[in-house]
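**Q** The following file, protein_16.txt, comprises compact mmCIF, C-alpha atoms:
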```
# COMPACT_ATOMS: atom_id res chain seq x y z
CA MET A 1 -19.24 102.42 -36.39
CA THR A 2 -22.51 101.66 -34.60
CA THR A 3 -23.51 103.20 -31.30
CA PRO A 4 -23.46 100.61 -28.50
CA LEU A 5 -26.77 99.68 -26.94
CA LYS A 6 -26.94 100.81 -23.31
CA VAL A 7 -28.88 99.67 -20.25
CA LEU A 8 -28.82 100.24 -16.52
CA LEU A 9 -28.57 97.14 -14.30
CA HIS A 10 -30.65 97.08 -11.13
CA THR A 11 -29.30 95.75 -7.84
CA ASP A 12 -31.11 92.42 -8.21
CA ILE A 13 -29.24 91.53 -11.41
CA ILE A 14 -25.83 92.34 -9.92
CA ALA A 15 -26.61 90.68 -6.58
CA ALA A 16 -27.69 87.45 -8.32
CA HIS A 17 -24.38 87.49 -10.19
CA LEU A 18 -22.44 87.93 -6.94
CA ARG A 19 -24.35 85.12 -5.25
CA GLY A 20 -23.87 82.82 -8.23
CA SER A 21 -27.60 82.11 -8.08
CA GLU A 22 -28.11 82.17 -11.84
CA SER A 23 -26.27 80.16 -14.40
CA PRO A 24 -25.48 81.66 -16.75
CA SER A 25 -25.22 85.00 -14.98
CA LEU A 26 -27.69 87.56 -16.34
CA MET A 27 -25.20 90.28 -15.53
CA ARG A 28 -22.64 88.59 -17.79
CA ARG A 29 -25.30 88.12 -20.46
CA ALA A 30 -26.23 91.81 -20.27
CA ALA A 31 -22.56 92.83 -20.43
CA GLY A 32 -22.21 90.77 -23.59
CA LEU A 33 -25.13 92.55 -25.25
CA PHE A 34 -24.95 96.08 -23.87
CA LEU A 35 -22.79 98.79 -22.43
CA CYS A 36 -23.92 98.48 -18.80
CA TYR A 37 -24.48 101.19 -16.22
CA THR A 38 -25.74 101.15 -12.66
CA THR A 39 -26.37 103.88 -10.09
CA VAL A 40 -24.55 105.00 -7.01
CA PHE A 41 -27.75 104.01 -5.17
CA ASN A 42 -27.44 100.43 -6.43
CA ALA A 43 -23.77 100.44 -5.43
CA ILE A 44 -24.66 101.56 -1.89
CA GLU A 45 -27.26 98.83 -1.65
CA LEU A 46 -24.80 96.18 -2.90
CA PHE A 47 -22.11 97.16 -0.41
CA GLY A 48 -24.74 96.83 2.33
CA MET A 49 -25.81 93.41 1.08
CA PHE A 50 -22.26 92.02 0.86
CA PRO A 51 -20.41 93.25 3.97
CA GLY A 52 -16.84 92.58 4.99
CA GLU A 53 -13.65 92.67 2.99
CA THR A 54 -14.57 89.69 0.80
CA GLY A 55 -17.97 91.18 0.00
CA ARG A 56 -16.48 94.58 -0.68
CA SER A 57 -13.93 93.13 -3.06
CA ALA A 58 -16.59 91.11 -4.92
CA VAL A 59 -18.87 94.16 -5.26
CA GLU A 60 -15.98 96.32 -6.48
CA ASP A 61 -15.10 93.69 -9.09
CA ALA A 62 -18.71 93.47 -10.31
CA LEU A 63 -19.11 97.24 -10.41
CA GLY A 64 -15.89 97.46 -12.42
CA ALA A 65 -17.86 95.99 -15.33
CA THR A 66 -20.29 98.94 -15.27
CA LYS A 67 -20.27 102.69 -15.39
CA ILE A 68 -21.78 104.21 -12.23
CA LEU A 69 -24.21 107.12 -12.51
CA GLY A 70 -25.30 109.59 -9.85
CA LEU A 71 -27.38 112.74 -9.94
CA ASN A 72 -26.82 116.44 -9.67
CA ALA A 73 -28.64 119.47 -8.30
CA ARG A 74 -30.13 120.33 -11.70
CA GLN A 75 -32.05 117.05 -11.60
CA ALA A 76 -33.38 117.54 -8.05
CA PRO A 77 -36.85 118.89 -8.99
CA LYS A 78 -37.64 115.89 -11.20
CA PHE A 79 -36.39 113.47 -8.57
CA ALA A 80 -38.46 115.20 -5.89
CA SER A 81 -41.56 114.69 -8.02
CA LEU A 82 -40.83 110.97 -8.46
CA MET A 83 -40.04 110.49 -4.79
CA GLY A 84 -43.25 112.20 -3.70
CA LYS A 85 -45.24 109.71 -5.77
CA ALA A 86 -43.25 106.71 -4.57
CA GLY A 87 -43.94 106.87 -0.84
CA ASP A 88 -41.46 105.82 1.83
CA ALA A 89 -41.01 102.23 0.65
CA GLY A 90 -40.35 103.20 -2.96
CA ARG A 91 -38.00 106.14 -2.59
CA TRP A 92 -34.87 104.10 -3.26
CA ARG A 93 -36.50 102.71 -6.42
CA ALA A 94 -37.53 106.23 -7.41
CA LEU A 95 -33.91 107.38 -7.28
CA VAL A 96 -32.86 104.49 -9.53
CA ALA A 97 -35.80 105.04 -11.90
CA GLY A 98 -35.17 108.78 -12.02
CA THR A 99 -31.53 108.19 -12.92
CA CYS A 100 -32.67 105.91 -15.75
CA VAL A 101 -35.18 108.44 -17.05
CA GLU A 102 -32.71 111.33 -16.85
CA SER A 103 -30.01 109.26 -18.58
CA ARG A 104 -32.46 107.81 -21.13
CA LEU A 105 -31.46 104.27 -20.18
CA PRO A 106 -33.76 101.25 -19.91
CA LEU A 107 -33.64 99.46 -16.55
CA VAL A 108 -32.83 95.73 -16.53
CA THR A 109 -34.40 94.07 -13.48
CA ALA A 110 -35.66 90.71 -12.29
CA SER A 111 -38.54 92.56 -10.57
CA PRO A 112 -40.25 94.64 -13.27
CA ALA A 113 -43.52 94.93 -11.33
CA ARG A 114 -41.74 97.05 -8.69
CA PHE A 115 -41.15 99.76 -11.30
CA ARG A 116 -44.56 99.86 -13.06
CA ARG A 117 -45.63 103.18 -11.61
CA MET A 118 -42.55 105.14 -12.67
CA PRO A 119 -43.47 107.54 -15.47
CA GLY A 120 -41.16 107.60 -18.47
CA LEU A 121 -39.18 104.53 -17.41
CA THR A 122 -38.54 101.67 -19.83
CA VAL A 123 -38.23 98.40 -17.93
CA VAL A 124 -36.46 95.39 -19.40
CA SER A 125 -37.45 92.19 -17.64
CA ALA A 126 -34.62 89.77 -16.93
CA ASP A 127 -36.73 87.18 -18.77
CA LEU A 128 -36.17 89.12 -21.99
CA LEU A 129 -32.41 88.61 -21.58
CA ARG A 130 -33.01 84.88 -21.35
CA ARG A 131 -35.34 84.68 -24.36
CA HIS A 132 -33.68 86.88 -26.98
CA GLU A 133 -30.47 86.43 -28.91
CA ASN A 134 -29.29 90.02 -29.27
CA GLY A 135 -29.60 93.42 -27.63
CA GLU A 136 -31.79 94.91 -30.33
CA GLU A 137 -34.33 92.12 -29.86
CA VAL A 138 -34.29 92.55 -26.09
CA LEU A 139 -34.91 96.29 -26.30
CA ARG A 140 -37.56 95.93 -28.99
CA ALA A 141 -39.44 93.37 -26.86
CA ALA A 142 -39.29 95.78 -23.92
CA GLY A 143 -40.68 98.61 -26.05
CA ALA A 144 -37.47 100.62 -25.94
CA ARG A 145 -36.85 100.64 -29.70
```
Any chance you could give the structure as structure tokens?

**A**
Amino acid sequence: MTTPLKVLLHTDIIAAHLRGSESPSLMRRAAGLFLCYTTVFNAIELFGMFPGETGRSAVEDALGATKILGLNARQAPKFASLMGKAGDAGRWRALVAGTCVESRLPLVTASPARFRRMPGLTVVSADLLRRHENGEEVLRAAGAR
């Protein structure tokens, strides 16, 4: 039995899926290639982006296709270091990036430039999902394998 390939989906990938703004959905594509995770921080952001009962239900359905990761007190010193480097505007991204680094998961995002300065983070551009046929190829192109 082979170990499944794993990635963490950023808010932008899940939000595009919920809006129906990409066909085919990159979230669905990722779910077909990988075991997908996201963070509690992404979940918070999504619930804020899609308010009301209909939005809540849609977000819950989308998040049901992922495993949601958080952080714990043991990880706090590393996260503090990342957040100090990120500045006010990037602190939310630092929490997501730190979760990826701590969990050893590449981050799939449509905005890879926003994560360039995060040490130890492997970023998988959404474009790689569009261009490659299988998960191994996607991760190899991103430098994760």

**Q** Might you pull out every residue within 6 Å of range 136-145 of chain A, with all atoms listed in the file counted and same-chain residues fewer than 4 positions away left off, and present them as a PyMOL selection string?

**A** chain A and resi 124+128+132

**Q** Given the point (-24.2, 103.1, -8.1) in the file's coordinates, find the residues that have an atom at most 10 Å from it, counting all atoms listed in the file, and give them as a VMD selection string.

**A** chain A and resid 9 to 11 37 to 47 63 66 to 70 96

**Q** Measure the distance from CA of Arg131 in chain A to CA of Arg29 in chain A in Å and round it to one decimal.

**A**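 A separation of 11.3 Å between them.
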
**Q** Tell me, in Å to one decimal, how far CA of Leu5 in chain A is from CA of Gly135 in chain A.

**A**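 That distance, rounded to one decimal, is 6.9 Å.
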
**Q** Please report the interatomic distance between CA of Gly98 in chain A and CA of His17 in chain A in Å with one decimal.

**A**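 Taking CA of Gly98 in chain A as the start and CA of His17 in chain A as the end point, the length is 23.9 Å.
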
**Q** Which one is closest to Ser25 in chain A: A:Met118, A:Val101, A:Met49, A:Ala62? Count only C-alpha atoms.

**A**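 Checking each of A:Met118, A:Val101, A:Met49, A:Ala62 against Ser25 in chain A, counting only C-alpha atoms, the winner is A:Ala62.
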